[in-house]
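**Q** Have a look at this one before I ask anything.
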Protein chains: 2
Amino acid sequence: MAVVMYDLVGKDDRRFSPNCWRSRMALAHKGIAAEARPTRFGEIKAIGDGVCRTIPVIEDGGRRIVDSWAIAEHLEATYPDGPSLFGGPGGRALTRFVLHWTTQTLHPGVAPLIIHDIYEHLQPEDRDYFRESREKMFKRPLAEVQAGREERVDGFRKSLGPLRATVKEQPFLGGEHPLYADYIAFGAFQWVRVVSPFPLLEADDPVRSWVDRCLDLHGGIARTTPAYD
Amino acid sequence: MAVVMYDLVGKDDRRFSPNCWRSRMALAHKGIAAEARPTRFGEIKAIGDGVCRTIPVIEDGGRRIVDSWAIAEHLEATYPDGPSLFGGPGGRALTRFVLHWTTQTLHPGVAPLIIHDIYEHLQPEDRDYFRESREKMFKRPLAEVQAGREERVDGFRKSLGPLRATVKEQPFLGGEHPLYADYIAFGAFQWVRVVSPFPLLEADDPVRSWVDRCLDLHGGIARTTPAYD
């Protein structure tokens with residue numbers, strides 16, 4: 001039985017969720033054939049027994065695993081013969097640091113730059129939920145949150161310093177080959193390119209070259225999905 | 001022949017260099033008996049053949065190794081029987097990310113909070129060099145750079161988010177046990193406590209508990225050095 005992954009989807013098959021991309025890339029990394037089942041925000045509560053509030057969720061051999069980190073740990077434990085997602089115990093521990101940097105620096109930097117673009121790429125049924133929940137977070141209309149991003153993007157680019165310096169000196173955060181830490185950070189950039197024409201990175205940014213390398217991985221699954229560049 | 005490490009020193013045997021602390025902790029981690037030889041800024045050029053411009057520098061079996069990262073790699077390769085500094089290839093690669101985060105976020109956050117305190121803890125012969133070189137960097141008198149730190153420290157504390165979140169959920173960045181990544185980040189906190197009475201962290205900050213755990217390591221070598229708390 002193939003693994004099923006519930007994958008957030010907007011209109012025109014836009015797979016925009018950064019956290020879902022982590023899991024899709026992790027599945028591909030392990031060489032696992034998985035069905036990435038398109039799932040709207042409004043359909044999440046219909047998964048399985050109805051307790052899931054977020055995706056990604058995977059179903060694997062009768063088990064249901066919720067949350068991208070739990071999925072990565074499940075894959076590492078269940079498929080030890082595939083390439084490691086962590087590269088050893090030190091890699092696993094330090095991946096938590098990359099995760100928290102992504103949660104606290106990278107995602108809060110990206111979200112205000114594309115939040116209205118995300119809204120515009122949702123299916124009509126999901127739009128009210130998204131607008132209301134996100135306007136509660138930002139305390140402003142989404143178009144206003146996004147406005148002026150051309151002026152703010154420089155600050156965002158500066159915040160990428162630790163990522164930039166690392167992928168300038170080695171092909172991936174994981175070293176010569178990608179690890180799950182790469183997929184954690186990569187998800188944020190894929191989030192942008194799937195829903196937004198906004199030029200997030202300068203052409204000669206080493207981060208952009210690393211994103212390109214990630215897009216080439218695993219038969220180009222991230223590159224060939226509907227997106228802007 | 002014991003390993004010799006040239007260790008930056010101020011007055012009253014204050015060992016304040018964050019980068020030297022990385023190497024001292026790494027040597028202790030590997031269980032290597034090392035002489036941490038006190039060295040003033042002005043004495044660095046007298047090491048060996050006179051080409052060293054920074055310390056730490058170690059001398060080990062007739063080889064001289066310059067730069068804290070090169071020292072860590074040397075120790076990992078030369079003493080494979082001691083506990084690993086990286087915890088595997090993934091750990092080694094991701095330690096680079098922690099290093100760049102420390103260089104780009106942690107150290108630039110710490111330095112302006114204690115730069116005049118460092119000056120005041122130097123031996124007289126080193127003071128002019130330090131003041132001139134650092135005032136060139138900051139483009140202001142060191143006392144002015146440091147002034148108002150009580151108001152600025154909140155921003156610094158916020159910048160520790162990824163470190164805080166990680167050491168809240170596991171004892172060390174390296175997981176259950178410390179790795180070189182811990183020593184990289186720890187050096188910044190040791191830098192402060194050796195030269196400054198300034199309360200850098202709030203009492204209930206998980207980062208402070210992690211610093212305490214680091215101070216307990218390896219017979220408490222970092223705790224028992226002359227310092228403020």
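Residue numbering restarts at 1 in every chain; chains get A, B, ... in the order shown in the structure tokens, and ligands count up from 1 in that same order.
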When you look at B:Glu169 with a cut-off of 12 Å (counting only C-alpha atoms), what residues show up, excluding the ones that are within fewer than 2 positions of it in the same chain? I need them as a PyMOL selection string.

**A** (chain A and resi 93-94+96-97+100) or (chain B and resi 162-167+171-176+206-207+209-210)

**Q** Calculate the C-alpha RMSD, in Å to one decimal, after superposing chain A onto chain B by least squares over all C-alpha atoms paired in sequence order.

**A**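 When all C-alpha atoms are superposed, the deviation is 0.0 Å.
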
**Q** Mind pulling up the distance from atom CA of A:Ile184 to atom CA of B:Leu179?

**A**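 So the answer is 21.8 Å.
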
**Q** Do you have the atom CA of B:Cys52-atom CA of A:Lys168 distance handy?

**A** 25.7 Å

**Q** Need to verify the contact set: stretch 58-72 of chain A, 12 Å, only C-alpha atoms, exclusion of same-chain residues closer than 6 positions in sequence. Can you return it as a CSV table (one decimal) with N, CA, C and O atoms, in the first residue's frame?

**A**
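Listing of result-v2.csv after writing:
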```csv
chain,number,residue,atom,x,y,z
A,1,MET,N,0.9,-1.2,0.0
A,1,MET,CA,0.0,0.0,0.0
A,1,MET,C,0.9,1.2,0.0
A,1,MET,O,1.7,1.4,0.9
A,2,ALA,N,0.7,2.1,-1.0
A,2,ALA,CA,1.5,3.3,-1.1
A,2,ALA,C,1.2,4.2,0.1
A,2,ALA,O,0.1,4.2,0.7
A,3,VAL,N,2.2,5.0,0.4
A,3,VAL,CA,1.9,6.1,1.5
A,3,VAL,C,1.1,7.2,0.9
A,3,VAL,O,1.2,7.6,-0.3
A,4,VAL,N,0.1,7.6,1.7
A,4,VAL,CA,-0.7,8.7,1.3
A,4,VAL,C,-0.3,9.9,2.1
A,4,VAL,O,-0.1,9.9,3.3
A,5,MET,N,-0.1,11.1,1.4
A,5,MET,CA,0.2,12.3,2.1
A,5,MET,C,-0.9,13.3,1.8
A,5,MET,O,-1.1,13.6,0.6
A,6,TYR,N,-1.5,13.9,2.8
A,6,TYR,CA,-2.5,15.0,2.6
A,6,TYR,C,-1.7,16.3,2.4
A,6,TYR,O,-1.0,16.7,3.3
A,7,ASP,N,-1.9,16.8,1.2
A,7,ASP,CA,-1.0,17.9,0.7
A,7,ASP,C,-1.9,19.2,0.5
A,7,ASP,O,-2.9,19.1,-0.3
A,17,SER,N,2.0,24.8,0.5
A,17,SER,CA,2.3,24.8,2.0
A,17,SER,C,3.8,24.5,2.2
A,17,SER,O,4.3,23.4,1.7
A,18,PRO,N,4.5,25.3,2.9
A,18,PRO,CA,6.0,25.1,3.1
A,18,PRO,C,6.2,23.8,4.0
A,18,PRO,O,7.1,23.0,3.7
A,19,ASN,N,5.3,23.5,4.9
A,19,ASN,CA,5.4,22.3,5.7
A,19,ASN,C,5.1,21.1,5.0
A,19,ASN,O,5.7,20.0,5.2
A,20,CYS,N,4.1,21.1,4.1
A,20,CYS,CA,3.9,20.0,3.2
A,20,CYS,C,5.1,19.7,2.3
A,20,CYS,O,5.4,18.5,2.1
A,21,TRP,N,5.7,20.7,1.8
A,21,TRP,CA,6.9,20.5,1.0
A,21,TRP,C,8.0,19.8,1.7
A,21,TRP,O,8.8,19.0,1.2
A,22,ARG,N,8.2,20.1,3.0
A,22,ARG,CA,9.1,19.4,3.8
A,22,ARG,C,8.9,17.9,3.7
A,22,ARG,O,9.8,17.1,3.5
A,23,SER,N,7.6,17.5,3.9
A,23,SER,CA,7.3,16.1,3.9
A,23,SER,C,7.4,15.4,2.5
A,23,SER,O,7.8,14.3,2.4
A,24,ARG,N,7.0,16.2,1.5
A,24,ARG,CA,7.1,15.6,0.2
A,24,ARG,C,8.5,15.3,-0.2
A,24,ARG,O,8.9,14.3,-0.8
A,25,MET,N,9.4,16.3,0.1
A,25,MET,CA,10.8,16.1,-0.2
A,25,MET,C,11.4,15.0,0.7
A,25,MET,O,12.2,14.2,0.2
A,26,ALA,N,10.9,14.9,1.9
A,26,ALA,CA,11.5,13.8,2.8
A,26,ALA,C,11.0,12.4,2.3
A,26,ALA,O,11.8,11.5,2.3
A,27,LEU,N,9.8,12.3,1.8
A,27,LEU,CA,9.4,11.0,1.2
A,27,LEU,C,10.2,10.7,0.0
A,27,LEU,O,10.7,9.6,-0.2
A,28,ALA,N,10.4,11.7,-0.8
A,28,ALA,CA,11.2,11.5,-2.1
A,28,ALA,C,12.6,11.1,-1.7
A,28,ALA,O,13.2,10.2,-2.4
A,29,HIS,N,13.2,11.8,-0.7
A,29,HIS,CA,14.5,11.5,-0.3
A,29,HIS,C,14.7,10.1,0.1
A,29,HIS,O,15.7,9.4,-0.2
A,30,LYS,N,13.7,9.5,0.8
A,30,LYS,CA,13.7,8.1,1.2
A,30,LYS,C,13.3,7.1,0.1
A,30,LYS,O,13.3,5.9,0.3
A,32,ILE,N,10.4,6.8,-1.3
A,32,ILE,CA,9.1,6.2,-1.0
A,32,ILE,C,8.1,6.7,-2.0
A,32,ILE,O,7.9,8.0,-2.2
A,33,ALA,N,7.4,5.8,-2.7
A,33,ALA,CA,6.3,6.2,-3.6
A,33,ALA,C,5.2,6.7,-2.8
A,33,ALA,O,4.7,6.0,-1.9
A,34,ALA,N,4.8,7.9,-3.0
A,34,ALA,CA,3.7,8.5,-2.1
A,34,ALA,C,2.7,9.2,-3.0
A,34,ALA,O,3.0,9.8,-4.0
A,35,GLU,N,1.4,9.1,-2.6
A,35,GLU,CA,0.4,9.9,-3.3
A,35,GLU,C,0.2,11.2,-2.5
A,35,GLU,O,-0.2,11.1,-1.4
A,36,ALA,N,0.5,12.3,-3.1
A,36,ALA,CA,0.3,13.6,-2.5
A,36,ALA,C,-1.1,14.0,-2.8
A,36,ALA,O,-1.4,14.7,-3.8
A,37,ARG,N,-2.0,13.7,-1.9
A,37,ARG,CA,-3.4,13.9,-2.2
A,37,ARG,C,-3.9,15.4,-1.9
A,37,ARG,O,-3.7,15.8,-0.8
A,44,ILE,N,-9.4,19.5,5.7
A,44,ILE,CA,-8.5,18.9,6.7
A,44,ILE,C,-9.2,18.1,7.8
A,44,ILE,O,-8.9,17.0,8.2
A,47,ILE,N,-10.1,14.4,7.3
A,47,ILE,CA,-9.1,13.4,7.3
A,47,ILE,C,-9.3,12.4,8.4
A,47,ILE,O,-9.5,12.8,9.6
A,48,GLY,N,-9.4,11.1,8.1
A,48,GLY,CA,-9.4,10.1,9.1
A,48,GLY,C,-10.5,10.3,10.2
A,48,GLY,O,-11.7,10.5,9.8
A,49,ASP,N,-10.1,10.3,11.4
A,49,ASP,CA,-11.1,10.4,12.5
A,49,ASP,C,-11.4,11.9,12.8
A,49,ASP,O,-12.1,12.1,13.9
A,50,GLY,N,-11.0,12.8,12.0
A,50,GLY,CA,-11.4,14.2,12.2
A,50,GLY,C,-10.7,15.0,13.3
A,50,GLY,O,-11.1,16.1,13.6
A,51,VAL,N,-9.6,14.5,13.8
A,51,VAL,CA,-8.9,15.2,14.8
A,51,VAL,C,-7.8,16.1,14.3
A,51,VAL,O,-7.2,16.9,15.0
A,52,CYS,N,-7.4,15.9,13.0
A,52,CYS,CA,-6.3,16.7,12.4
A,52,CYS,C,-6.7,18.1,12.2
A,52,CYS,O,-7.8,18.4,11.8
A,78,THR,N,11.3,4.1,10.2
A,78,THR,CA,10.6,3.1,9.5
A,78,THR,C,11.4,2.6,8.2
A,78,THR,O,11.2,1.5,7.8
A,79,TYR,N,12.1,3.5,7.6
A,79,TYR,CA,12.8,3.2,6.4
A,79,TYR,C,14.3,3.5,6.5
A,79,TYR,O,14.9,4.4,5.9
A,80,PRO,N,15.0,2.7,7.4
A,80,PRO,CA,16.4,2.9,7.7
A,80,PRO,C,17.3,2.7,6.5
A,80,PRO,O,18.4,3.1,6.5
A,84,SER,N,19.7,8.6,4.9
A,84,SER,CA,19.3,9.3,6.2
A,84,SER,C,18.8,10.7,5.9
A,84,SER,O,19.3,11.4,5.1
A,85,LEU,N,17.8,11.1,6.7
A,85,LEU,CA,17.3,12.4,6.7
A,85,LEU,C,18.0,13.3,7.6
A,85,LEU,O,17.9,14.6,7.5
A,86,PHE,N,18.8,12.8,8.5
A,86,PHE,CA,19.5,13.6,9.6
A,86,PHE,C,21.0,13.4,9.5
A,86,PHE,O,21.7,14.3,10.1
A,92,ARG,N,20.5,15.1,13.7
A,92,ARG,CA,19.1,15.2,14.1
A,92,ARG,C,18.9,16.3,15.1
A,92,ARG,O,18.0,17.1,15.0
A,95,THR,N,19.2,19.7,13.6
A,95,THR,CA,18.1,20.0,12.7
A,95,THR,C,17.0,20.8,13.4
A,95,THR,O,16.3,21.6,12.9
A,96,ARG,N,16.9,20.5,14.7
A,96,ARG,CA,16.0,21.3,15.6
A,96,ARG,C,16.3,22.8,15.6
A,96,ARG,O,15.4,23.6,15.6
A,99,LEU,N,15.2,24.1,12.4
A,99,LEU,CA,13.7,24.2,12.4
A,99,LEU,C,13.3,25.5,13.1
A,99,LEU,O,12.4,26.2,12.7
A,100,HIS,N,13.8,25.7,14.3
A,100,HIS,CA,13.4,26.9,15.1
A,100,HIS,C,13.8,28.2,14.4
A,100,HIS,O,13.1,29.2,14.5
A,179,LEU,N,19.9,17.1,3.4
A,179,LEU,CA,19.3,16.5,4.5
A,179,LEU,C,17.9,17.1,4.8
A,179,LEU,O,17.6,18.1,4.2
A,180,TYR,N,17.3,16.6,5.8
A,180,TYR,CA,15.9,17.2,6.1
A,180,TYR,C,16.0,18.6,6.5
A,180,TYR,O,15.1,19.4,6.2
A,181,ALA,N,17.1,19.1,7.1
A,181,ALA,CA,17.3,20.5,7.4
A,181,ALA,C,17.2,21.4,6.1
A,181,ALA,O,16.6,22.5,6.2
A,183,TYR,N,15.3,20.6,3.6
A,183,TYR,CA,13.9,20.7,3.2
A,183,TYR,C,13.1,21.6,4.1
A,183,TYR,O,12.1,22.3,3.6
A,184,ILE,N,13.5,21.7,5.3
A,184,ILE,CA,12.8,22.6,6.2
A,184,ILE,C,12.9,24.1,5.7
A,184,ILE,O,11.9,24.8,5.6
A,187,GLY,N,11.3,24.7,2.1
A,187,GLY,CA,9.9,24.9,2.0
A,187,GLY,C,9.4,26.3,1.9
A,187,GLY,O,8.5,26.7,1.2
```

**Q** Please list as JSON, numbers by chain every residue within 7 Å of stretch 136-142 of chain B, counting only C-alpha atoms and excluding residues in the same chain fewer than 3 positions away.

**A** {"B": [115, 116, 132, 133, 145, 146]}

**Q** Take atom CA of A:Gly91 and atom CA of B:Val192 and report the distance between them in Å, one decimal.

**A**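 For atom CA of A:Gly91 relative to atom CA of B:Val192, the distance reads 28.5 Å.
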
**Q** Which is closer to chain B than all the others in A:Glu43, A:Asp182, A:Asp205, A:Asp229, using only C-alpha atoms?

**A**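 Closest to chain B of all the choices is A:Asp182.
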
**Q** Of the residues B:Lys11, B:Arg223, B:Lys158, B:Lys45, which is the one nearest to chain A, using only C-alpha atoms?

**A**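 Comparing B:Lys11, B:Arg223, B:Lys158, B:Lys45 against chain A, the winner is B:Lys158.
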
**Q** Using only C-alpha atoms, pick whichever of A:Gln104, A:Phe130, A:Phe198, A:Thr224 has the shortest atom-to-atom distance to B:Leu160.

**A**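 Checking each of A:Gln104, A:Phe130, A:Phe198, A:Thr224 against B:Leu160, counting only C-alpha atoms, the winner is A:Gln104.
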
**Q** With a distance cut-off of 9 Å and only C-alpha atoms, select the neighbouring residues of B:Arg14, excluding the residue or stretch itself and same-chain residues fewer than 2 positions from it, and output the selection as a ChimeraX atom specification.

**A** /B:8-12,16,121-122,194-195,225-227

**Q** Those selected residues, please, written with C-alpha atoms and delivered as an mmCIF file, in the first residue's frame.

**A**
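Writing the result to result-v2.cif gives the following:
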```cif
data_model
loop_
_atom_site.group_PDB
_atom_site.id
_atom_site.type_symbol
_atom_site.label_atom_id
_atom_site.label_comp_id
_atom_site.auth_asym_id
_atom_site.auth_seq_id
_atom_site.Cartn_x
_atom_site.Cartn_y
_atom_site.Cartn_z
ATOM 1 C CA LEU B 8 43.675 35.175 24.958
ATOM 2 C CA VAL B 9 44.061 36.775 28.376
ATOM 3 C CA GLY B 10 43.271 40.108 29.992
ATOM 4 C CA LYS B 11 44.252 41.369 33.411
ATOM 5 C CA ASP B 12 43.859 39.138 36.463
ATOM 6 C CA PHE B 16 37.574 36.342 27.737
ATOM 7 C CA HIS B 121 39.697 44.075 31.618
ATOM 8 C CA LEU B 122 42.701 44.184 29.314
ATOM 9 C CA VAL B 194 34.311 36.778 32.203
ATOM 10 C CA VAL B 195 34.467 40.558 31.728
ATOM 11 C CA THR B 225 37.843 30.626 35.513
ATOM 12 C CA PRO B 226 37.852 34.209 36.906
ATOM 13 C CA ALA B 227 34.449 35.686 36.001
#
```
